[in-house]
Amino acid sequence: MKDLLIDKIRSLKARVAVIGMGYVGLPLIQEFVKKGYYTFGIDIDPEKVRFLQEGRSYITDIKDSEIQEIIQTGRFFPGTSYEVLEEADAIIITVPTPLSKTRDPDISYVMAATESILQHLHRGQLIVLESTTYPGTTEELVKPKLEESGLRSGVDFFLAYSPERINPGDPVYRLPNTPKVVGGVDPQSTEVAVTLYQSIIQEVVPVSSAKVAEMVKLLENTFRSVNIALVNEMAIACSILGIDIWEVIEAAGTKPFGFMKFYPGPGIGGHCIPVDPHYLAWKLKTLNYNARFIELASEINTSMPRHIVTRVQDALNNIGRPVKGSKILILGVAYKRDINDIRESPALDIMEMLREKGAKLFYHDPYVPSFVVGGERFESTELNDEFLKSLDIAVIVTDHSNVPYDRIVRTGVLVFDTRNVLKGVQAPNILRL
Ligand SMILES: NC(=O)c1ccc[n+]([C@@H]2O[C@H](COP(=O)([O-])OP(=O)(O)OC[C@H]3O[C@@H](n4cnc5c(N)ncnc54)[C@H](O)[C@@H]3O)[C@@H](O)[C@H]2O)c1
């Protein structure tokens, strides 16, 4: 069974299905189709399916022309039906794993996808979970669910976990040149999953179990969260001490060993860094262990938007203005540079707090034409000089590369740069984090 599936994969005869065509699923589909596999894409959102069928992309990193290219191969089949799983040899799950309102893991999407796979599971299939989750999900939840079919993993079907490392907006590290960790629930499953990923990714890193692979992702993202929190605290310390944090980081970065540069900012956002460490903390809590680093890092990072608002308030106070009635422009609302994703973006918290204080709020983001904060709809404004000069302060929250920062500074408006995008620019109207 295993050798047959490996042969199918190697000869590109295997049919691949990806469940969840979002930021993770769509780039994966693109690589499988380009490689030559017939690839089914399943999503519960009919709007996304319609977009793809019309050759349009909804992800900044993938152009419309790239969607058209994969559709034109005749090997990409986007749809909403799970029926196609009957024909699939490899099924990859890339559905969301958010936090619930009580900040506990919500793996209902993963379990819904697993339930749907169960309806079509047959011998000789490989199932890989890529959604970020806590250690044990694949082995303790997905595996028993699939085995309700009467089939056995490692014998009749194969099951693995492989964390996704995609970094939206990164022009250097794309899917094929980012090493991929793979861990099966048994050695046979690892072998099959490694074979599949080796066909589209330059370096595959097998590990001894699905649990290890799950933990790898959580270590990576907890590492980022903790280090960002540390440098955010250093930024607050530097502002109290009247020291330029950015200069400190650059100088510390000249140490050739034992130091790695992280940068402070207005907070953390996106689907991963603010969320993933809580998956680990939650799992540990069920085992009576309190993950203190995770809690503290989260506390510091989530307090950054408030720190930014306090700094804005102080800056306005210095020019004799209250926040109430002040015209404030937020530059960049996506959670990071050059992407259109606003999930968990600190800009939303900052805007919400300033709105509550009665500011007259505007924003500009070339990637986000409009969105809703606190029930109010905002639209990205044009940056003409007359408008800029009428502002009390402009706050750079996200450092998109296609915003005319120099021109904004030249209008004389007070600019609060939380990202050091104005590095090297000297002007009396610039305030830095
Ligand atoms: N975005 C990232 O940068 C990133 C990086 C690494 C890992 N991850 C992880 O990958 C997973 C997916 O993240 P994403 O950013 O791609 O999310 P996303 O919201 O962009 O995409 C998920 C898609 O799954 C669909 N979906 C939900 N339930 C479904 C179901 N039962 N059947 C079919 N489709 C379903 C949604 O409609 C959506 O289109 C998450 O676990 C996330 O933590 C994300």
# chains A, B, ... in the order shown; residues from 1 in each chain; ligands from 1
>>> residues_around(residues="A:Ile127", least_positions_apart="2", cutoff="6 Å", atoms="only C-alpha atoms", output="number ranges by chain")
A: 90-92, 159
>>> write_last_selection(atoms="all heavy atoms", output="PDB file, in the first residue's frame")
ATOM      1  N   ALA A  90      -3.657  12.196  -1.880  1.00  0.00           N
ATOM      2  CA  ALA A  90      -3.065  12.930  -0.751  1.00  0.00           C
ATOM      3  C   ALA A  90      -3.981  14.085  -0.403  1.00  0.00           C
ATOM      4  O   ALA A  90      -4.437  14.812  -1.291  1.00  0.00           O
ATOM      5  CB  ALA A  90      -1.693  13.462  -1.134  1.00  0.00           C
ATOM      6  N   ILE A  91      -4.289  14.222   0.885  1.00  0.00           N
ATOM      7  CA  ILE A  91      -5.207  15.277   1.339  1.00  0.00           C
ATOM      8  C   ILE A  91      -4.489  16.118   2.388  1.00  0.00           C
ATOM      9  O   ILE A  91      -3.978  15.581   3.384  1.00  0.00           O
ATOM     10  CB  ILE A  91      -6.481  14.652   1.968  1.00  0.00           C
ATOM     11  CG1 ILE A  91      -7.172  13.717   0.962  1.00  0.00           C
ATOM     12  CG2 ILE A  91      -7.433  15.749   2.436  1.00  0.00           C
ATOM     13  CD1 ILE A  91      -8.246  12.840   1.583  1.00  0.00           C
ATOM     14  N   ILE A  92      -4.446  17.413   2.146  1.00  0.00           N
ATOM     15  CA  ILE A  92      -3.745  18.289   3.088  1.00  0.00           C
ATOM     16  C   ILE A  92      -4.752  19.259   3.706  1.00  0.00           C
ATOM     17  O   ILE A  92      -5.535  19.897   2.987  1.00  0.00           O
ATOM     18  CB  ILE A  92      -2.620  19.061   2.373  1.00  0.00           C
ATOM     19  CG1 ILE A  92      -1.656  18.034   1.762  1.00  0.00           C
ATOM     20  CG2 ILE A  92      -1.894  19.980   3.345  1.00  0.00           C
ATOM     21  CD1 ILE A  92      -0.518  18.619   1.003  1.00  0.00           C
ATOM     22  N   LEU A 159      -0.851   9.092   7.878  1.00  0.00           N
ATOM     23  CA  LEU A 159      -1.246  10.337   8.537  1.00  0.00           C
ATOM     24  C   LEU A 159      -0.018  11.054   9.095  1.00  0.00           C
ATOM     25  O   LEU A 159       0.787  10.448   9.812  1.00  0.00           O
ATOM     26  CB  LEU A 159      -2.229  10.015   9.676  1.00  0.00           C
ATOM     27  CG  LEU A 159      -2.673  11.182  10.561  1.00  0.00           C
ATOM     28  CD1 LEU A 159      -3.453  12.229   9.758  1.00  0.00           C
ATOM     29  CD2 LEU A 159      -3.539  10.652  11.715  1.00  0.00           C
TER      30      LEU A 159
END
>>> select_by_dssp(residues="stretch 32-229 of chain A", states="strand (DSSP E or B)", output="PyMOL selection string")
chain A and resi 38-42+76-79+90-93+99+105+126-129+153+157-161+180-184+204-206
>>> select_by_dssp(residues="stretch 241-284 of chain A", states="alpha helix (DSSP H)", output="PyMOL selection string")
chain A and resi 241+245-252+276-284
>>> residues_near_ligand(ligand="ligand 1", cutoff="6 Å", atoms="only C-alpha atoms and all ligand atoms", output="compact mmCIF listing (two decimals) with C-alpha atoms, in the first residue's frame")
# COMPACT_ATOMS: atom_id res chain seq x y z
CA ILE A 19 -8.78 21.63 2.24
CA GLY A 20 -8.87 25.37 3.03
CA MET A 21 -7.68 27.70 0.27
CA GLY A 22 -6.37 30.60 2.35
CA TYR A 23 -2.95 32.13 2.92
CA VAL A 24 -1.48 28.67 3.49
CA GLY A 25 -3.57 26.45 1.21
CA ILE A 42 -11.82 22.64 -1.36
CA ASP A 43 -13.13 25.63 0.57
CA ILE A 44 -16.41 26.22 2.37
CA ASP A 45 -16.35 29.83 1.15
CA THR A 94 -4.97 23.96 5.92
CA VAL A 95 -8.03 25.31 7.75
CA PRO A 96 -7.96 28.00 10.45
CA THR A 97 -7.02 27.31 14.08
CA TYR A 109 -12.38 23.68 11.82
CA ALA A 112 -14.93 19.47 10.78
CA ALA A 113 -12.44 18.89 7.95
CA SER A 131 -2.91 23.89 10.50
CA THR A 132 -0.97 25.09 13.54
CA GLU A 164 3.51 25.59 7.53
CA ARG A 165 6.22 28.22 7.66
CA ILE A 166 4.92 30.52 4.96
CA ASN A 167 5.85 34.13 5.61
CA PRO A 168 3.36 36.32 3.69
CA HIS A 271 -2.95 34.52 12.50
CA CYS A 272 0.22 33.11 14.05
>>> closest_residue(among="A:Pro176, A:Pro274, A:Pro206, A:Gly184", to="A:Val128", atoms="only C-alpha atoms")
A:Gly184
>>> atom_distance(atom1="atom CA of A:Asp392", atom2="atom CA of A:Arg432")
16.0 Å
>>> residues_around(residues="stretch 412-422 of chain A", least_positions_apart="2", cutoff="10 Å", atoms="only C-alpha atoms", output="CSV table (one decimal) with N, CA and C atoms, in the first residue's frame")
chain,number,residue,atom,x,y,z
A,245,ILE,N,16.2,53.3,21.0
A,245,ILE,CA,16.2,51.9,20.9
A,245,ILE,C,16.8,51.4,19.6
A,246,TRP,N,16.5,52.1,18.5
A,246,TRP,CA,16.9,51.6,17.2
A,246,TRP,C,18.4,51.6,17.1
A,263,TYR,N,12.9,43.6,16.4
A,263,TYR,CA,12.6,45.0,16.4
A,263,TYR,C,11.3,45.2,17.2
A,264,PRO,N,11.2,46.3,17.9
A,264,PRO,CA,9.9,46.7,18.6
A,264,PRO,C,8.9,47.2,17.6
A,265,GLY,N,7.7,47.4,18.1
A,265,GLY,CA,6.7,47.9,17.2
A,265,GLY,C,5.4,48.2,18.0
A,266,PRO,N,4.3,48.4,17.2
A,266,PRO,CA,3.1,48.8,17.9
A,266,PRO,C,2.3,47.6,18.5
A,267,GLY,N,2.9,46.4,18.4
A,267,GLY,CA,2.1,45.2,18.8
A,267,GLY,C,2.3,44.1,17.8
A,308,ILE,N,1.3,52.9,22.5
A,308,ILE,CA,1.4,53.8,21.4
A,308,ILE,C,0.3,55.0,21.6
A,311,ARG,N,1.6,57.5,23.9
A,311,ARG,CA,2.6,58.3,23.3
A,311,ARG,C,2.0,59.4,22.4
A,312,VAL,N,0.9,58.9,21.7
A,312,VAL,CA,0.2,59.9,20.8
A,312,VAL,C,-0.4,61.0,21.7
A,315,ALA,N,2.2,63.3,22.8
A,315,ALA,CA,2.7,64.2,21.7
A,315,ALA,C,1.7,65.3,21.4
A,316,LEU,N,0.4,65.0,21.5
A,316,LEU,CA,-0.6,66.0,21.2
A,316,LEU,C,-0.7,67.0,22.4
A,319,ILE,N,1.7,69.8,22.1
A,319,ILE,CA,1.3,70.9,21.2
A,319,ILE,C,-0.1,71.5,21.6
A,328,ILE,N,-6.3,62.6,13.4
A,328,ILE,CA,-5.2,61.7,13.5
A,328,ILE,C,-5.2,60.7,12.3
A,329,LEU,N,-4.1,60.6,11.6
A,329,LEU,CA,-4.0,59.7,10.5
A,329,LEU,C,-3.2,58.4,10.9
A,330,ILE,N,-3.7,57.2,10.6
A,330,ILE,CA,-3.0,56.0,10.9
A,330,ILE,C,-2.4,55.6,9.5
A,331,LEU,N,-1.1,55.4,9.5
A,331,LEU,CA,-0.5,54.9,8.2
A,331,LEU,C,-0.2,53.5,8.3
A,385,ASP,N,-1.4,66.8,-0.1
A,385,ASP,CA,-0.6,67.7,0.9
A,385,ASP,C,-1.6,68.5,1.7
A,388,LEU,N,-2.8,66.4,4.5
A,388,LEU,CA,-1.7,66.1,5.4
A,388,LEU,C,-1.5,67.2,6.3
A,389,LYS,N,-1.5,68.4,5.7
A,389,LYS,CA,-1.2,69.6,6.5
A,389,LYS,C,-2.3,69.9,7.5
A,390,SER,N,-3.5,69.4,7.3
A,390,SER,CA,-4.6,69.7,8.2
A,390,SER,C,-4.6,68.8,9.4
A,391,LEU,N,-3.7,67.8,9.4
A,391,LEU,CA,-3.7,66.8,10.5
A,391,LEU,C,-3.0,67.3,11.7
A,392,ASP,N,-3.3,66.7,12.9
A,392,ASP,CA,-2.6,67.0,14.1
A,392,ASP,C,-1.4,66.0,14.3
A,393,ILE,N,-1.6,64.8,13.8
A,393,ILE,CA,-0.5,63.8,13.9
A,393,ILE,C,-0.8,62.7,12.9
A,394,ALA,N,0.3,62.2,12.4
A,394,ALA,CA,0.2,60.9,11.6
A,394,ALA,C,1.0,59.9,12.3
A,395,VAL,N,0.5,58.7,12.4
A,395,VAL,CA,1.1,57.6,13.2
A,395,VAL,C,1.5,56.5,12.2
A,396,ILE,N,2.7,56.2,12.0
A,396,ILE,CA,3.1,55.0,11.1
A,396,ILE,C,3.0,53.8,12.0
A,397,VAL,N,2.0,53.0,11.6
A,397,VAL,CA,1.7,51.7,12.4
A,397,VAL,C,2.3,50.5,11.6
A,398,THR,N,2.1,50.6,10.3
A,398,THR,CA,2.6,49.5,9.5
A,398,THR,C,3.5,50.1,8.4
A,399,ASP,N,4.7,49.6,8.2
A,399,ASP,CA,5.7,50.2,7.3
A,399,ASP,C,5.6,49.7,5.9
A,400,HIS,N,4.5,49.8,5.2
A,400,HIS,CA,4.4,49.4,3.8
A,400,HIS,C,5.5,50.1,3.0
A,401,SER,N,6.0,49.4,2.0
A,401,SER,CA,7.1,50.0,1.3
A,401,SER,C,6.6,51.1,0.2
A,405,TYR,N,6.6,58.3,2.6
A,405,TYR,CA,6.9,58.8,4.0
A,405,TYR,C,7.6,60.2,4.0
A,406,ASP,N,8.6,60.3,3.1
A,406,ASP,CA,9.4,61.5,3.0
A,406,ASP,C,8.5,62.7,2.7
A,407,ARG,N,7.6,62.5,1.7
A,407,ARG,CA,6.7,63.6,1.4
A,407,ARG,C,5.8,64.0,2.6
A,408,ILE,N,5.4,63.0,3.3
A,408,ILE,CA,4.5,63.3,4.5
A,408,ILE,C,5.3,64.1,5.5
A,409,VAL,N,6.5,63.7,5.7
A,409,VAL,CA,7.4,64.5,6.7
A,409,VAL,C,7.6,65.9,6.2
A,410,ARG,N,7.8,66.1,4.9
A,410,ARG,CA,8.1,67.4,4.3
A,410,ARG,C,6.9,68.4,4.5
A,424,GLY,N,17.3,57.5,9.7
A,424,GLY,CA,18.3,58.4,9.0
A,424,GLY,C,17.7,59.7,8.6
A,425,VAL,N,16.3,59.8,8.6
A,425,VAL,CA,15.7,61.1,8.2
A,425,VAL,C,15.7,62.0,9.5
A,426,GLN,N,16.2,63.1,9.4
A,426,GLN,CA,16.3,64.1,10.5
A,426,GLN,C,15.3,65.2,10.3
A,427,ALA,N,14.3,65.4,11.1
A,427,ALA,CA,13.4,66.5,11.0
A,427,ALA,C,12.8,66.7,12.3
A,428,PRO,N,12.5,68.0,12.7
A,428,PRO,CA,12.0,68.2,14.1
A,428,PRO,C,10.6,67.7,14.3
A,429,ASN,N,9.8,67.4,13.2
A,429,ASN,CA,8.5,66.9,13.3
A,429,ASN,C,8.4,65.4,13.4
A,430,ILE,N,9.5,64.7,13.6
A,430,ILE,CA,9.5,63.2,13.7
A,430,ILE,C,9.6,62.8,15.1
A,431,LEU,N,8.7,61.9,15.5
A,431,LEU,CA,8.8,61.3,16.9
A,431,LEU,C,9.0,59.8,16.7
A,432,ARG,N,9.9,59.2,17.4
A,432,ARG,CA,10.2,57.8,17.2
A,432,ARG,C,9.8,57.0,18.4
A,433,LEU,N,9.5,55.7,18.2
A,433,LEU,CA,9.1,54.8,19.3
A,433,LEU,C,10.3,54.6,20.3
